[in-house]
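Pasting work.pdb here (PDB, C-alpha atoms):
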MODEL        1
ATOM      1  CA  MET V   1      46.836 -19.988  18.759
ATOM      2  CA  ALA V   2      44.541 -17.096  17.906
ATOM      3  CA  PHE V   3      41.641 -16.101  20.109
ATOM      4  CA  THR V   4      38.385 -15.674  18.213
ATOM      5  CA  PHE V   5      35.284 -14.097  19.682
ATOM      6  CA  TYR V   6      31.906 -15.429  18.629
ATOM      7  CA  LYS V   7      28.847 -13.380  19.380
ATOM      8  CA  MET V   8      26.196 -14.953  21.549
ATOM      9  CA  ALA V   9      22.954 -14.738  19.622
ATOM     10  CA  LEU V  10      19.992 -15.957  21.620
ATOM     11  CA  PHE V  11      17.456 -14.486  19.217
ATOM     12  CA  SER V  12      19.119 -14.707  15.870
ATOM     13  CA  HIS V  13      18.343 -12.324  13.045
ATOM     14  CA  LYS V  14      16.821 -14.283  10.144
ATOM     15  CA  GLU V  15      16.527 -13.392   6.477
ATOM     16  CA  TYR V  16      14.405 -15.117   3.861
ATOM     17  CA  LEU V  17      13.867 -14.727   0.143
ATOM     18  CA  LEU V  18      10.377 -15.679  -1.054
ATOM     19  CA  LYS V  19       9.582 -16.004  -4.754
ATOM     20  CA  PRO V  20       5.834 -16.276  -5.347
ATOM     21  CA  ASP V  21       4.372 -17.079  -8.758
ATOM     22  CA  LEU V  22       2.140 -14.013  -8.561
ATOM     23  CA  THR V  23       2.240 -10.557 -10.062
ATOM     24  CA  PHE V  24       3.274  -7.535  -8.000
ATOM     25  CA  LYS V  25      -0.345  -6.413  -7.716
ATOM     26  CA  GLU V  26      -1.531  -9.855  -6.581
ATOM     27  CA  VAL V  27       1.213 -10.021  -3.940
ATOM     28  CA  PHE V  28       0.295  -6.556  -2.693
ATOM     29  CA  ASN V  29      -3.434  -7.381  -2.606
ATOM     30  CA  ASN V  30      -2.835 -10.667  -0.743
ATOM     31  CA  LEU V  31      -0.706  -8.871   1.828
ATOM     32  CA  ASP V  32      -3.216  -6.033   2.096
ATOM     33  CA  LYS V  33      -6.042  -8.479   2.827
ATOM     34  CA  ASN V  34      -4.019 -10.199   5.565
ATOM     35  CA  ILE V  35      -2.482  -7.177   7.338
ATOM     36  CA  ASP V  36      -4.626  -5.292   9.830
ATOM     37  CA  SER V  37      -3.625  -1.747  10.718
ATOM     38  CA  VAL V  38      -1.976  -1.420  14.119
ATOM     39  CA  ASP V  39      -4.431  -0.539  16.862
ATOM     40  CA  ASP V  40      -2.850  -0.032  20.285
ATOM     41  CA  SER V  41      -5.892  -0.229  22.473
ATOM     42  CA  VAL V  42      -6.544  -1.347  26.024
ATOM     43  CA  PHE V  43      -8.845  -4.056  24.728
ATOM     44  CA  LYS V  44      -6.315  -5.620  22.351
ATOM     45  CA  TYR V  45      -6.161  -8.925  24.258
ATOM     46  CA  GLY V  46      -8.532 -11.028  26.261
ATOM     47  CA  PHE V  47     -12.297 -11.108  26.517
ATOM     48  CA  PHE V  48     -12.927  -7.662  25.001
ATOM     49  CA  SER V  49     -10.582  -8.034  22.039
ATOM     50  CA  LYS V  50     -11.978  -7.689  18.562
ATOM     51  CA  ILE V  51     -12.081 -10.743  16.332
ATOM     52  CA  ARG V  52      -9.628 -10.406  13.477
ATOM     53  CA  GLU V  53      -9.649 -12.252  10.217
ATOM     54  CA  GLN V  54      -6.144 -11.114   9.264
ATOM     55  CA  LYS V  55      -3.029 -13.065  10.184
ATOM     56  CA  PHE V  56      -0.783 -10.022  10.717
ATOM     57  CA  GLU V  57      -0.985  -6.505  12.063
ATOM     58  CA  GLY V  58       1.243  -3.643  11.050
ATOM     59  CA  ASP V  59       1.922  -1.236   8.231
ATOM     60  CA  LEU V  60       1.949  -1.840   4.476
ATOM     61  CA  THR V  61       3.194   0.812   2.053
ATOM     62  CA  ASP V  62       3.784   0.663  -1.705
ATOM     63  CA  ASN V  63       6.550  -1.928  -1.644
ATOM     64  CA  GLN V  64       7.430  -2.629   1.988
ATOM     65  CA  PHE V  65       5.776  -3.765   5.196
ATOM     66  CA  THR V  66       6.451  -4.066   8.910
ATOM     67  CA  VAL V  67       4.213  -6.571  10.673
ATOM     68  CA  GLN V  68       3.771  -8.927  13.604
ATOM     69  CA  ARG V  69       1.520 -11.948  13.787
ATOM     70  CA  VAL V  70      -1.922 -11.389  15.340
ATOM     71  CA  LEU V  71      -2.287 -13.238  18.634
ATOM     72  CA  ASN V  72      -5.065 -13.391  21.209
ATOM     73  CA  TYR V  73      -2.511 -13.374  24.022
ATOM     74  CA  ARG V  74       0.578 -11.420  24.996
ATOM     75  CA  ASN V  75       3.942 -12.675  23.823
ATOM     76  CA  PRO V  76       6.917 -10.349  24.294
ATOM     77  CA  LEU V  77       9.066 -12.658  22.157
ATOM     78  CA  LEU V  78       6.902 -12.183  19.090
ATOM     79  CA  PRO V  79       9.316 -11.336  16.264
ATOM     80  CA  GLU V  80       8.994  -8.267  14.103
ATOM     81  CA  ILE V  81       8.884  -8.886  10.351
ATOM     82  CA  ASN V  82      10.194  -6.338   7.880
ATOM     83  CA  GLY V  83       9.552  -7.067   4.235
ATOM     84  CA  PHE V  84      10.371  -5.516   0.909
ATOM     85  CA  ILE V  85       8.607  -6.389  -2.369
ATOM     86  CA  GLU V  86      10.620  -6.022  -5.543
ATOM     87  CA  GLU V  87      10.338  -7.028  -9.180
ATOM     88  CA  GLU V  88      13.442  -8.644 -10.661
ATOM     89  CA  ASP V  89      13.515  -9.898 -14.245
ATOM     90  CA  SER V  90       9.704  -9.723 -14.449
ATOM     91  CA  LYS V  91       9.434 -11.969 -11.346
ATOM     92  CA  VAL V  92       8.265 -10.774  -7.933
ATOM     93  CA  VAL V  93      10.675 -11.297  -5.039
ATOM     94  CA  VAL V  94       9.803 -10.674  -1.391
ATOM     95  CA  TYR V  95      12.718 -10.068   0.977
ATOM     96  CA  ILE V  96      11.874 -10.909   4.578
ATOM     97  CA  GLU V  97      13.874  -9.931   7.664
ATOM     98  CA  ILE V  98      12.831 -11.279  11.059
ATOM     99  CA  ARG V  99      14.268  -9.939  14.296
ATOM    100  CA  SER V 100      13.297  -9.760  17.930
ATOM    101  CA  GLU V 101      12.353  -6.580  19.697
ATOM    102  CA  LEU V 102      15.012  -4.802  21.743
ATOM    103  CA  PHE V 103      13.593  -4.869  25.287
ATOM    104  CA  PRO V 104      12.923  -8.643  25.607
ATOM    105  CA  THR V 105      16.330  -9.315  24.059
ATOM    106  CA  ILE V 106      18.064  -7.126  26.641
ATOM    107  CA  VAL V 107      16.151  -8.802  29.487
ATOM    108  CA  PHE V 108      17.157 -12.258  28.261
ATOM    109  CA  TYR V 109      20.822 -11.276  27.921
ATOM    110  CA  VAL V 110      20.819  -9.838  31.459
ATOM    111  CA  PHE V 111      19.290 -13.075  32.765
ATOM    112  CA  SER V 112      21.830 -15.196  30.908
ATOM    113  CA  PHE V 113      24.843 -13.242  32.190
ATOM    114  CA  LEU V 114      23.404 -13.206  35.711
ATOM    115  CA  ALA V 115      22.886 -16.979  35.622
ATOM    116  CA  ILE V 116      26.438 -17.549  34.342
ATOM    117  CA  PHE V 117      27.830 -15.234  37.032
ATOM    118  CA  ILE V 118      25.935 -17.082  39.785
ATOM    119  CA  ILE V 119      27.143 -20.469  38.556
ATOM    120  CA  ILE V 120      30.785 -19.336  38.296
ATOM    121  CA  LYS V 121      30.616 -17.686  41.740
ATOM    122  CA  ASN V 122      29.284 -20.898  43.249
ATOM    123  CA  LEU V 123      31.965 -23.001  41.568
ATOM    124  CA  PHE V 124      34.900 -21.004  42.936
ATOM    125  CA  PHE V 125      33.518 -19.843  46.277
ATOM    126  CA  ASP V 126      31.170 -21.393  48.805
ATOM    127  CA  ILE V 127      28.241 -23.220  47.253
ATOM    128  CA  ASP V 128      24.782 -21.824  47.948
ATOM    129  CA  ILE V 129      22.091 -24.249  46.804
ATOM    130  CA  GLN V 130      19.376 -21.565  46.688
ATOM    131  CA  GLU V 131      21.417 -19.447  44.263
ATOM    132  CA  LEU V 132      22.215 -22.473  42.089
ATOM    133  CA  VAL V 133      18.551 -23.473  41.905
ATOM    134  CA  CYS V 134      17.666 -19.876  40.965
ATOM    135  CA  ALA V 135      20.352 -19.890  38.251
ATOM    136  CA  LEU V 136      19.089 -23.213  36.879
ATOM    137  CA  PHE V 137      15.538 -21.847  36.675
ATOM    138  CA  MET V 138      16.859 -18.777  34.828
ATOM    139  CA  ILE V 139      18.630 -21.054  32.349
ATOM    140  CA  LEU V 140      15.419 -23.072  31.842
ATOM    141  CA  PHE V 141      13.543 -19.789  31.296
ATOM    142  CA  LEU V 142      16.139 -18.816  28.672
ATOM    143  CA  ILE V 143      15.908 -22.158  26.893
ATOM    144  CA  PHE V 144      12.119 -22.004  26.700
ATOM    145  CA  GLY V 145      12.298 -18.388  25.510
ATOM    146  CA  VAL V 146      14.686 -19.229  22.664
ATOM    147  CA  ILE V 147      12.578 -22.231  21.644
ATOM    148  CA  ASN V 148       9.430 -20.058  21.705
ATOM    149  CA  TYR V 149      11.103 -17.377  19.569
ATOM    150  CA  ASN V 150      12.256 -19.917  16.964
ATOM    151  CA  GLU V 151       8.784 -21.491  16.814
ATOM    152  CA  GLU V 152       7.211 -18.056  16.317
ATOM    153  CA  CYS V 153       9.682 -17.316  13.475
ATOM    154  CA  ASN V 154       8.849 -20.602  11.764
ATOM    155  CA  GLN V 155       5.117 -19.968  12.129
ATOM    156  CA  ASP V 156       5.500 -16.456  10.671
ATOM    157  CA  ILE V 157       7.293 -17.774   7.592
ATOM    158  CA  GLU V 158       4.684 -20.506   7.085
ATOM    159  CA  ASP V 159       1.894 -17.919   7.310
ATOM    160  CA  LEU V 160       3.647 -15.647   4.804
ATOM    161  CA  LYS V 161       4.148 -18.562   2.416
ATOM    162  CA  GLU V 162       0.449 -19.356   2.681
ATOM    163  CA  ILE V 163      -0.498 -15.720   1.998
ATOM    164  CA  LEU V 164       1.844 -15.504  -0.990
ATOM    165  CA  GLU V 165       0.623 -18.905  -2.255
ATOM    166  CA  ILE V 166       4.077 -20.510  -2.190
ATOM    167  CA  LYS V 167       4.106 -24.278  -2.172
ATOM    168  CA  ASP V 168       7.123 -26.153  -0.817
TER     169      ASP V 168
ENDMDL
END
Show this structure as structure tokens.
Amino acid sequence: MAFTFYKMALFSHKEYLLKPDLTFKEVFNNLDKNIDSVDDSVFKYGFFSKIREQKFEGDLTDNQFTVQRVLNYRNPLLPEINGFIEEEDSKVVVYIEIRSELFPTIVFYVFSFLAIFIIIKNLFFDIDIQELVCALFMILFLIFGVINYNEECNQDIEDLKEILEIKD
């Protein structure tokens, strides 16, 4: 019997291939209209934030972009979207790669291993109810975080499909 190791991916890396029925210039113009340049200011969120008409913020160059969805609140689990626009056989293809940022991912992995360690410790040694309750709350926090990340990824793809005028 062979031992196989599967990686634990809480925030999975996702790749998409979008094929709009637009020209390269139309795709670029649609993205340009919906991507606001990154502005790291103190007044980015809350009452003093500026009202944005664009759906994304980030950078757009000749044939690639790096963006995040524009929100009026803070969300550390907001995925980063890297895209590449290419013309293949006179058809425009947009390659999309969605991944989470490094710091929130590390925090979630530390919480998950800490919760597993607390549960295993309490199974084999004396049971401490306070530690078990803490571990269960960490696991609930992890579950909600993963669900939130997946919902944000789905919303990002739907927004990109709307921008690129792709109908399902």
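Each of V:Ile139, V:Val92, V:Ile129, V:Ile118 was compared to Thr23 in chain V using all atoms listed in the file, and V:Val92 turns out to be the nearest.
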- Query: Can you tell me how far CA of Ile143 in chain V sits from CA of Arg69 in chain V, in Å to one decimal?
  - Reply: 22.0 Å
- Ile85 in chain V environment, 7 Å, all atoms listed in the file, sequence neighbours closer than 2 positions dropped, as an MDAnalysis selection string: chainID V and resid 63:64 83 93:95
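Going from CA of Val110 in chain V over to CA of Ile127 in chain V, you cover 22.0 Å.
Taken over the whole file, the PyMOL selection byres ((chain V and resi 144-161) around 7) covers exactly Leu10, Phe11, Arg69, Leu77, Leu78, Pro79, Leu140, Phe141, Leu142, Ile143, Glu162, Ile163, Leu164, Glu165 and Ile166 of chain V.
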Keeping only C-alpha atoms, write the selected residues as a tab-separated table (two decimals), keeping the file's coordinate frame.
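Wrote it out as part08.tsv, contents follow:
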chain	number	residue	atom	x	y	z
V	10	LEU	CA	19.99	-15.96	21.62
V	11	PHE	CA	17.46	-14.49	19.22
V	69	ARG	CA	1.52	-11.95	13.79
V	77	LEU	CA	9.07	-12.66	22.16
V	78	LEU	CA	6.90	-12.18	19.09
V	79	PRO	CA	9.32	-11.34	16.26
V	140	LEU	CA	15.42	-23.07	31.84
V	141	PHE	CA	13.54	-19.79	31.30
V	142	LEU	CA	16.14	-18.82	28.67
V	143	ILE	CA	15.91	-22.16	26.89
V	162	GLU	CA	0.45	-19.36	2.68
V	163	ILE	CA	-0.50	-15.72	2.00
V	164	LEU	CA	1.84	-15.50	-0.99
V	165	GLU	CA	0.62	-18.90	-2.26
V	166	ILE	CA	4.08	-20.51	-2.19
Residues selected by the PyMOL selection byres ((chain V and resi 25) around 12), written as a PDB file with C-alpha atoms, in the frame of the given file:
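Final output, saved to result_36.pdb:
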ATOM      1  CA  PRO V  20       5.834 -16.276  -5.347  1.00  0.00           C
ATOM      2  CA  ASP V  21       4.372 -17.079  -8.758  1.00  0.00           C
ATOM      3  CA  LEU V  22       2.140 -14.013  -8.561  1.00  0.00           C
ATOM      4  CA  THR V  23       2.240 -10.557 -10.062  1.00  0.00           C
ATOM      5  CA  PHE V  24       3.274  -7.535  -8.000  1.00  0.00           C
ATOM      6  CA  GLU V  26      -1.531  -9.855  -6.581  1.00  0.00           C
ATOM      7  CA  VAL V  27       1.213 -10.021  -3.940  1.00  0.00           C
ATOM      8  CA  PHE V  28       0.295  -6.556  -2.693  1.00  0.00           C
ATOM      9  CA  ASN V  29      -3.434  -7.381  -2.606  1.00  0.00           C
ATOM     10  CA  ASN V  30      -2.835 -10.667  -0.743  1.00  0.00           C
ATOM     11  CA  LEU V  31      -0.706  -8.871   1.828  1.00  0.00           C
ATOM     12  CA  ASP V  32      -3.216  -6.033   2.096  1.00  0.00           C
ATOM     13  CA  ASP V  62       3.784   0.663  -1.705  1.00  0.00           C
ATOM     14  CA  ASN V  63       6.550  -1.928  -1.644  1.00  0.00           C
ATOM     15  CA  ILE V  85       8.607  -6.389  -2.369  1.00  0.00           C
ATOM     16  CA  GLU V  86      10.620  -6.022  -5.543  1.00  0.00           C
ATOM     17  CA  GLU V  87      10.338  -7.028  -9.180  1.00  0.00           C
ATOM     18  CA  LYS V  91       9.434 -11.969 -11.346  1.00  0.00           C
ATOM     19  CA  VAL V  92       8.265 -10.774  -7.933  1.00  0.00           C
ATOM     20  CA  LEU V 164       1.844 -15.504  -0.990  1.00  0.00           C
TER      21      LEU V 164
END
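Between CA of Tyr73 in chain V and CA of Ser112 in chain V the interatomic distance comes to 25.4 Å.
Residue nearest Lys121 in chain V within the list V:Tyr109, V:Ala135, V:Arg74, V:Val67: V:Ala135 [criterion: smallest interatomic distance, all atoms listed in the file].
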Calculate, to one decimal in Å, the centre and edge lengths of the box along x, y and z of the file that holds all listed atoms of range 61-67 of chain V with 5 Å of margin on each side, and present them as AutoDock Vina command-line options.
--center_x 5.3 --center_y -2.9 --center_z 4.5 --size_x 14.2 --size_y 17.4 --size_z 22.4
